[in-house]
Amino acid sequence: MSFRTFILGLSASFGAAWLAIVVVPFIKMRNLEPIQLSEANDGSTGIFFPKRTGRVADGAKVYAENGCYLCHTQVVRPTYAGNDLYRADWGGLKADPDRGDTRRETNAYDFFGEKFAQIGVSRMGPDLSNLGRRVESEYSSPQEASQWLLSHLYNPRHEADRWKSTCPPHRFLFEKRKIKGNPSDEAMPFGAEHGKELVASPEAKALVSYLLSLKKDQAVPEVLNFGPPKAKGAR
């Protein structure tokens with residue numbers, strides 16, 4: 001085998017994998033076609049539109065800049081590739097009080113509105129596909145859920161049962177400033193020092209808003225529902 005043949009073969013091998021894994025998925029996700037809902041299969045008509053609320057664009061940028069994707073994924077894998085659907089509320093809520101079982105697998109439309117799909121690199125921490133749904137299900141109001149996430153960013157090991165957390169603190173997203181008169185409405189209920197208060201930066205608030213927007217359990221059209229059939233009576 002000549003050196004030229006070896007180089008051409010090596011280039012073709014890596015080039016084919018690069019096209020299949022990077023280029024083709026990028027092109028498909030960049031130009032997602034609208035999906036028409038079917039009355040027979042979906043119970044409604046019209047165009048399927050993924051719903052996202054919160055500061056998605058700003059928060060996604062802070063999420064990426066701080067490397068959150070290095071330790072967290074946002075992919076609920078198909079059941080043939082893992083057990084994600086049956087981990088504690090990763091794929092949605094097993095018993096949502098209003099909608100029943102909302103668990104499902106991830107699809108390309110879940111990243112609608114984001115410049116990059118934050119699918120992640122590894123799972124040092126839990127998957128965040130439905131973090132917003134999980135957190136809000138544990139607290140009585142969005143404000144309490146937001147406060148918990150801010151305290152987690154400041155000190156991931158602030159609760160006794162989270163002392164093993166490997167998440168690094170993001171204290172640089174907060175500012176300690178001198179109290180002038182009464183504490184401000186923006187003051188955090190933690191991290192205060194004598195004569196000083198702790199305030200979340202705009203970046204911290206955008207990141208928390210983005211994390212709370214992660215509720216990728218919206219019902220999808222039948223053509224996107226790749227999960228296993230649910231138990232009889234589940235919605």
# chains A, B, ... in the order shown; residues from 1 in each chain; ligands from 1
call {"tool": "residues_around", "arguments": {"residues": "region 60-71 of chain A", "least_positions_apart": "3", "cutoff": "7 Å", "atoms": "only C-alpha atoms", "output": "PDB file with N, CA and C atoms, in the first residue's frame"}}
result
ATOM      1  N   VAL A  56     -34.388  32.198  27.460  1.00  0.00           N
ATOM      2  CA  VAL A  56     -33.725  31.029  26.883  1.00  0.00           C
ATOM      3  C   VAL A  56     -32.396  31.407  26.232  1.00  0.00           C
ATOM      4  N   ALA A  57     -32.403  32.423  25.373  1.00  0.00           N
ATOM      5  CA  ALA A  57     -31.188  32.774  24.637  1.00  0.00           C
ATOM      6  C   ALA A  57     -30.086  33.270  25.575  1.00  0.00           C
ATOM      7  N   GLN A 118     -27.740  21.989  23.436  1.00  0.00           N
ATOM      8  CA  GLN A 118     -26.867  21.716  24.580  1.00  0.00           C
ATOM      9  C   GLN A 118     -27.032  20.246  25.022  1.00  0.00           C
ATOM     10  N   GLY A 120     -24.761  18.114  25.684  1.00  0.00           N
ATOM     11  CA  GLY A 120     -23.820  17.743  26.734  1.00  0.00           C
ATOM     12  C   GLY A 120     -22.708  16.831  26.273  1.00  0.00           C
ATOM     13  N   VAL A 121     -21.713  16.675  27.144  1.00  0.00           N
ATOM     14  CA  VAL A 121     -20.534  15.861  26.852  1.00  0.00           C
ATOM     15  C   VAL A 121     -20.510  14.606  27.717  1.00  0.00           C
ATOM     16  N   SER A 122     -20.790  14.764  29.011  1.00  0.00           N
ATOM     17  CA  SER A 122     -20.781  13.630  29.932  1.00  0.00           C
ATOM     18  C   SER A 122     -21.824  13.850  31.015  1.00  0.00           C
ATOM     19  N   ARG A 123     -21.994  12.841  31.873  1.00  0.00           N
ATOM     20  CA  ARG A 123     -22.974  12.925  32.948  1.00  0.00           C
ATOM     21  C   ARG A 123     -22.297  12.805  34.307  1.00  0.00           C
ATOM     22  N   MET A 124     -21.463  13.780  34.599  1.00  0.00           N
ATOM     23  CA  MET A 124     -20.933  13.880  35.959  1.00  0.00           C
ATOM     24  C   MET A 124     -22.071  14.222  36.917  1.00  0.00           C
ATOM     25  N   GLY A 125     -23.030  15.000  36.408  1.00  0.00           N
ATOM     26  CA  GLY A 125     -24.221  15.358  37.165  1.00  0.00           C
ATOM     27  C   GLY A 125     -25.443  14.823  36.452  1.00  0.00           C
ATOM     28  N   GLU A 203     -26.274  37.713  34.987  1.00  0.00           N
ATOM     29  CA  GLU A 203     -25.923  36.421  34.394  1.00  0.00           C
ATOM     30  C   GLU A 203     -26.496  35.265  35.209  1.00  0.00           C
ATOM     31  N   LEU A 207     -29.234  32.578  33.887  1.00  0.00           N
ATOM     32  CA  LEU A 207     -28.969  31.140  33.936  1.00  0.00           C
ATOM     33  C   LEU A 207     -30.085  30.396  34.660  1.00  0.00           C
ATOM     34  N   TYR A 210     -33.111  30.209  32.495  1.00  0.00           N
ATOM     35  CA  TYR A 210     -32.912  29.174  31.466  1.00  0.00           C
ATOM     36  C   TYR A 210     -33.126  27.783  32.056  1.00  0.00           C
TER      37      TYR A 210
END
call {"tool": "residues_around", "arguments": {"residues": "Pro183 (chain A)", "least_positions_apart": "4", "cutoff": "10 Å", "atoms": "only C-alpha atoms", "output": "PyMOL selection string"}}
result
chain A and resi 178-179+187-188+195-198
call {"tool": "write_last_selection", "arguments": {"atoms": "N, CA and C atoms", "output": "PDB file, in the first residue's frame"}}
result
ATOM      1  N   LYS A 178     -22.119  46.672  49.797  1.00  0.00           N
ATOM      2  CA  LYS A 178     -22.393  47.312  51.072  1.00  0.00           C
ATOM      3  C   LYS A 178     -23.859  47.702  51.181  1.00  0.00           C
ATOM      4  N   ILE A 179     -24.436  47.426  52.348  1.00  0.00           N
ATOM      5  CA  ILE A 179     -25.834  47.783  52.579  1.00  0.00           C
ATOM      6  C   ILE A 179     -25.934  49.268  52.907  1.00  0.00           C
ATOM      7  N   ALA A 187     -31.530  41.223  47.648  1.00  0.00           N
ATOM      8  CA  ALA A 187     -30.585  40.534  48.526  1.00  0.00           C
ATOM      9  C   ALA A 187     -30.953  39.066  48.694  1.00  0.00           C
ATOM     10  N   MET A 188     -29.941  38.201  48.615  1.00  0.00           N
ATOM     11  CA  MET A 188     -30.146  36.776  48.824  1.00  0.00           C
ATOM     12  C   MET A 188     -30.260  36.484  50.326  1.00  0.00           C
ATOM     13  N   GLY A 195     -22.773  44.098  57.434  1.00  0.00           N
ATOM     14  CA  GLY A 195     -22.823  45.334  56.657  1.00  0.00           C
ATOM     15  C   GLY A 195     -22.861  45.112  55.157  1.00  0.00           C
ATOM     16  N   LYS A 196     -22.898  43.852  54.716  1.00  0.00           N
ATOM     17  CA  LYS A 196     -22.918  43.566  53.281  1.00  0.00           C
ATOM     18  C   LYS A 196     -24.033  42.575  52.949  1.00  0.00           C
ATOM     19  N   GLU A 197     -24.499  42.650  51.725  1.00  0.00           N
ATOM     20  CA  GLU A 197     -25.521  41.729  51.250  1.00  0.00           C
ATOM     21  C   GLU A 197     -25.043  41.059  49.967  1.00  0.00           C
ATOM     22  N   LEU A 198     -25.601  39.896  49.694  1.00  0.00           N
ATOM     23  CA  LEU A 198     -25.238  39.147  48.494  1.00  0.00           C
ATOM     24  C   LEU A 198     -26.341  39.328  47.457  1.00  0.00           C
TER      25      LEU A 198
END
call {"tool": "residues_around", "arguments": {"residues": "Gly91 (chain A)", "least_positions_apart": "6", "cutoff": "8 Å", "atoms": "only C-alpha atoms", "output": "list in words"}}
result
Val76, Asp84, Leu85, Thr102, Arg103, Arg104, Glu105, Thr106, Ser129, Asn130, Lys216 and Asp217 of chain A
call {"tool": "select_by_dssp", "arguments": {"residues": "region 46-107 of chain A", "states": "strand (DSSP E or B)", "output": "PyMOL selection string"}}
result
chain A and resi 46-47+96+100
call {"tool": "closest_residue", "arguments": {"among": "A:Ile21, A:Ala81, A:Ala95, A:Leu32", "to": "Tyr109 (chain A)", "atoms": "only C-alpha atoms"}}
result
A:Leu32
call {"tool": "select_by_dssp", "arguments": {"residues": "region 88-220 of chain A", "states": "helix (DSSP H, G or I)", "output": "ChimeraX atom specification"}}
result
/A:108-111,131-138,142-154,160-162,171-173,202-212
call {"tool": "closest_residue", "arguments": {"among": "A:Ala88, A:Leu10, A:Val199, A:Ala192", "to": "Phe172 (chain A)", "atoms": "only C-alpha atoms"}}
result
A:Val199
call {"tool": "closest_residue", "arguments": {"among": "A:Ser2, A:Ser165, A:Gln36, A:Ser213", "to": "Arg55 (chain A)", "atoms": "only C-alpha atoms"}}
result
A:Ser213
call {"tool": "decode", "arguments": {"residues": "region 32-61 of chain A", "atoms": "N, CA and C atoms", "output": "PDB file, in the first residue's frame"}}
result
ATOM      1  N   LEU A  32     -35.465  22.381  10.504  1.00  0.00           N
ATOM      2  CA  LEU A  32     -36.567  21.518  10.905  1.00  0.00           C
ATOM      3  C   LEU A  32     -37.855  21.953  10.201  1.00  0.00           C
ATOM      4  N   GLU A  33     -38.505  21.000   9.592  1.00  0.00           N
ATOM      5  CA  GLU A  33     -39.759  21.286   8.901  1.00  0.00           C
ATOM      6  C   GLU A  33     -40.918  21.291   9.897  1.00  0.00           C
ATOM      7  N   PRO A  34     -41.902  22.181   9.703  1.00  0.00           N
ATOM      8  CA  PRO A  34     -43.084  22.178  10.585  1.00  0.00           C
ATOM      9  C   PRO A  34     -43.803  20.831  10.518  1.00  0.00           C
ATOM     10  N   ILE A  35     -44.358  20.404  11.638  1.00  0.00           N
ATOM     11  CA  ILE A  35     -45.083  19.140  11.696  1.00  0.00           C
ATOM     12  C   ILE A  35     -46.571  19.417  11.825  1.00  0.00           C
ATOM     13  N   GLN A  36     -47.328  18.832  10.929  1.00  0.00           N
ATOM     14  CA  GLN A  36     -48.777  19.005  10.932  1.00  0.00           C
ATOM     15  C   GLN A  36     -49.401  18.030  11.915  1.00  0.00           C
ATOM     16  N   LEU A  37     -50.209  18.538  12.843  1.00  0.00           N
ATOM     17  CA  LEU A  37     -50.892  17.690  13.803  1.00  0.00           C
ATOM     18  C   LEU A  37     -52.078  16.990  13.143  1.00  0.00           C
ATOM     19  N   SER A  38     -52.305  15.771  13.561  1.00  0.00           N
ATOM     20  CA  SER A  38     -53.403  14.978  13.004  1.00  0.00           C
ATOM     21  C   SER A  38     -54.489  14.798  14.053  1.00  0.00           C
ATOM     22  N   GLU A  39     -55.719  15.084  13.672  1.00  0.00           N
ATOM     23  CA  GLU A  39     -56.844  14.926  14.594  1.00  0.00           C
ATOM     24  C   GLU A  39     -56.984  13.474  15.043  1.00  0.00           C
ATOM     25  N   ALA A  40     -56.746  12.542  14.141  1.00  0.00           N
ATOM     26  CA  ALA A  40     -56.909  11.126  14.451  1.00  0.00           C
ATOM     27  C   ALA A  40     -55.853  10.641  15.452  1.00  0.00           C
ATOM     28  N   ASN A  41     -54.607  11.055  15.253  1.00  0.00           N
ATOM     29  CA  ASN A  41     -53.524  10.554  16.097  1.00  0.00           C
ATOM     30  C   ASN A  41     -53.179  11.457  17.274  1.00  0.00           C
ATOM     31  N   ASP A  42     -53.357  12.789  17.089  1.00  0.00           N
ATOM     32  CA  ASP A  42     -52.914  13.742  18.098  1.00  0.00           C
ATOM     33  C   ASP A  42     -54.057  14.427  18.839  1.00  0.00           C
ATOM     34  N   GLY A  43     -55.277  14.268  18.364  1.00  0.00           N
ATOM     35  CA  GLY A  43     -56.417  14.877  19.030  1.00  0.00           C
ATOM     36  C   GLY A  43     -56.605  16.344  18.733  1.00  0.00           C
ATOM     37  N   SER A  44     -55.821  16.887  17.793  1.00  0.00           N
ATOM     38  CA  SER A  44     -55.950  18.301  17.419  1.00  0.00           C
ATOM     39  C   SER A  44     -55.364  18.495  16.031  1.00  0.00           C
ATOM     40  N   THR A  45     -55.584  19.676  15.479  1.00  0.00           N
ATOM     41  CA  THR A  45     -55.046  20.005  14.163  1.00  0.00           C
ATOM     42  C   THR A  45     -54.205  21.277  14.272  1.00  0.00           C
ATOM     43  N   GLY A  46     -53.486  21.579  13.198  1.00  0.00           N
ATOM     44  CA  GLY A  46     -52.629  22.757  13.196  1.00  0.00           C
ATOM     45  C   GLY A  46     -51.171  22.369  13.110  1.00  0.00           C
ATOM     46  N   ILE A  47     -50.304  23.294  13.467  1.00  0.00           N
ATOM     47  CA  ILE A  47     -48.860  23.077  13.413  1.00  0.00           C
ATOM     48  C   ILE A  47     -48.312  22.895  14.818  1.00  0.00           C
ATOM     49  N   PHE A  48     -47.476  21.888  14.992  1.00  0.00           N
ATOM     50  CA  PHE A  48     -46.832  21.663  16.286  1.00  0.00           C
ATOM     51  C   PHE A  48     -45.769  22.733  16.523  1.00  0.00           C
ATOM     52  N   PHE A  49     -45.852  23.376  17.684  1.00  0.00           N
ATOM     53  CA  PHE A  49     -44.889  24.425  18.024  1.00  0.00           C
ATOM     54  C   PHE A  49     -44.376  24.189  19.437  1.00  0.00           C
ATOM     55  N   PRO A  50     -43.094  23.860  19.595  1.00  0.00           N
ATOM     56  CA  PRO A  50     -42.547  23.616  20.939  1.00  0.00           C
ATOM     57  C   PRO A  50     -42.628  24.874  21.790  1.00  0.00           C
ATOM     58  N   LYS A  51     -43.064  24.743  23.025  1.00  0.00           N
ATOM     59  CA  LYS A  51     -43.226  25.888  23.916  1.00  0.00           C
ATOM     60  C   LYS A  51     -42.031  26.009  24.842  1.00  0.00           C
ATOM     61  N   ARG A  52     -41.462  27.199  24.919  1.00  0.00           N
ATOM     62  CA  ARG A  52     -40.391  27.499  25.866  1.00  0.00           C
ATOM     63  C   ARG A  52     -40.649  28.883  26.440  1.00  0.00           C
ATOM     64  N   THR A  53     -40.499  29.035  27.735  1.00  0.00           N
ATOM     65  CA  THR A  53     -40.634  30.340  28.367  1.00  0.00           C
ATOM     66  C   THR A  53     -39.390  30.615  29.189  1.00  0.00           C
ATOM     67  N   GLY A  54     -39.095  31.885  29.427  1.00  0.00           N
ATOM     68  CA  GLY A  54     -37.903  32.252  30.180  1.00  0.00           C
ATOM     69  C   GLY A  54     -36.868  32.892  29.264  1.00  0.00           C
ATOM     70  N   ARG A  55     -35.761  33.304  29.850  1.00  0.00           N
ATOM     71  CA  ARG A  55     -34.698  33.969  29.091  1.00  0.00           C
ATOM     72  C   ARG A  55     -33.820  32.898  28.454  1.00  0.00           C
ATOM     73  N   VAL A  56     -34.388  32.198  27.460  1.00  0.00           N
ATOM     74  CA  VAL A  56     -33.725  31.029  26.883  1.00  0.00           C
ATOM     75  C   VAL A  56     -32.396  31.407  26.232  1.00  0.00           C
ATOM     76  N   ALA A  57     -32.403  32.423  25.373  1.00  0.00           N
ATOM     77  CA  ALA A  57     -31.188  32.774  24.637  1.00  0.00           C
ATOM     78  C   ALA A  57     -30.086  33.270  25.575  1.00  0.00           C
ATOM     79  N   ASP A  58     -30.409  34.219  26.457  1.00  0.00           N
ATOM     80  CA  ASP A  58     -29.403  34.760  27.380  1.00  0.00           C
ATOM     81  C   ASP A  58     -28.887  33.675  28.327  1.00  0.00           C
ATOM     82  N   GLY A  59     -29.801  32.894  28.882  1.00  0.00           N
ATOM     83  CA  GLY A  59     -29.401  31.865  29.832  1.00  0.00           C
ATOM     84  C   GLY A  59     -28.597  30.762  29.195  1.00  0.00           C
ATOM     85  N   ALA A  60     -28.947  30.384  27.958  1.00  0.00           N
ATOM     86  CA  ALA A  60     -28.205  29.344  27.255  1.00  0.00           C
ATOM     87  C   ALA A  60     -26.768  29.784  27.017  1.00  0.00           C
ATOM     88  N   LYS A  61     -26.569  31.072  26.777  1.00  0.00           N
ATOM     89  CA  LYS A  61     -25.216  31.593  26.581  1.00  0.00           C
ATOM     90  C   LYS A  61     -24.403  31.482  27.863  1.00  0.00           C
TER      91      LYS A  61
END
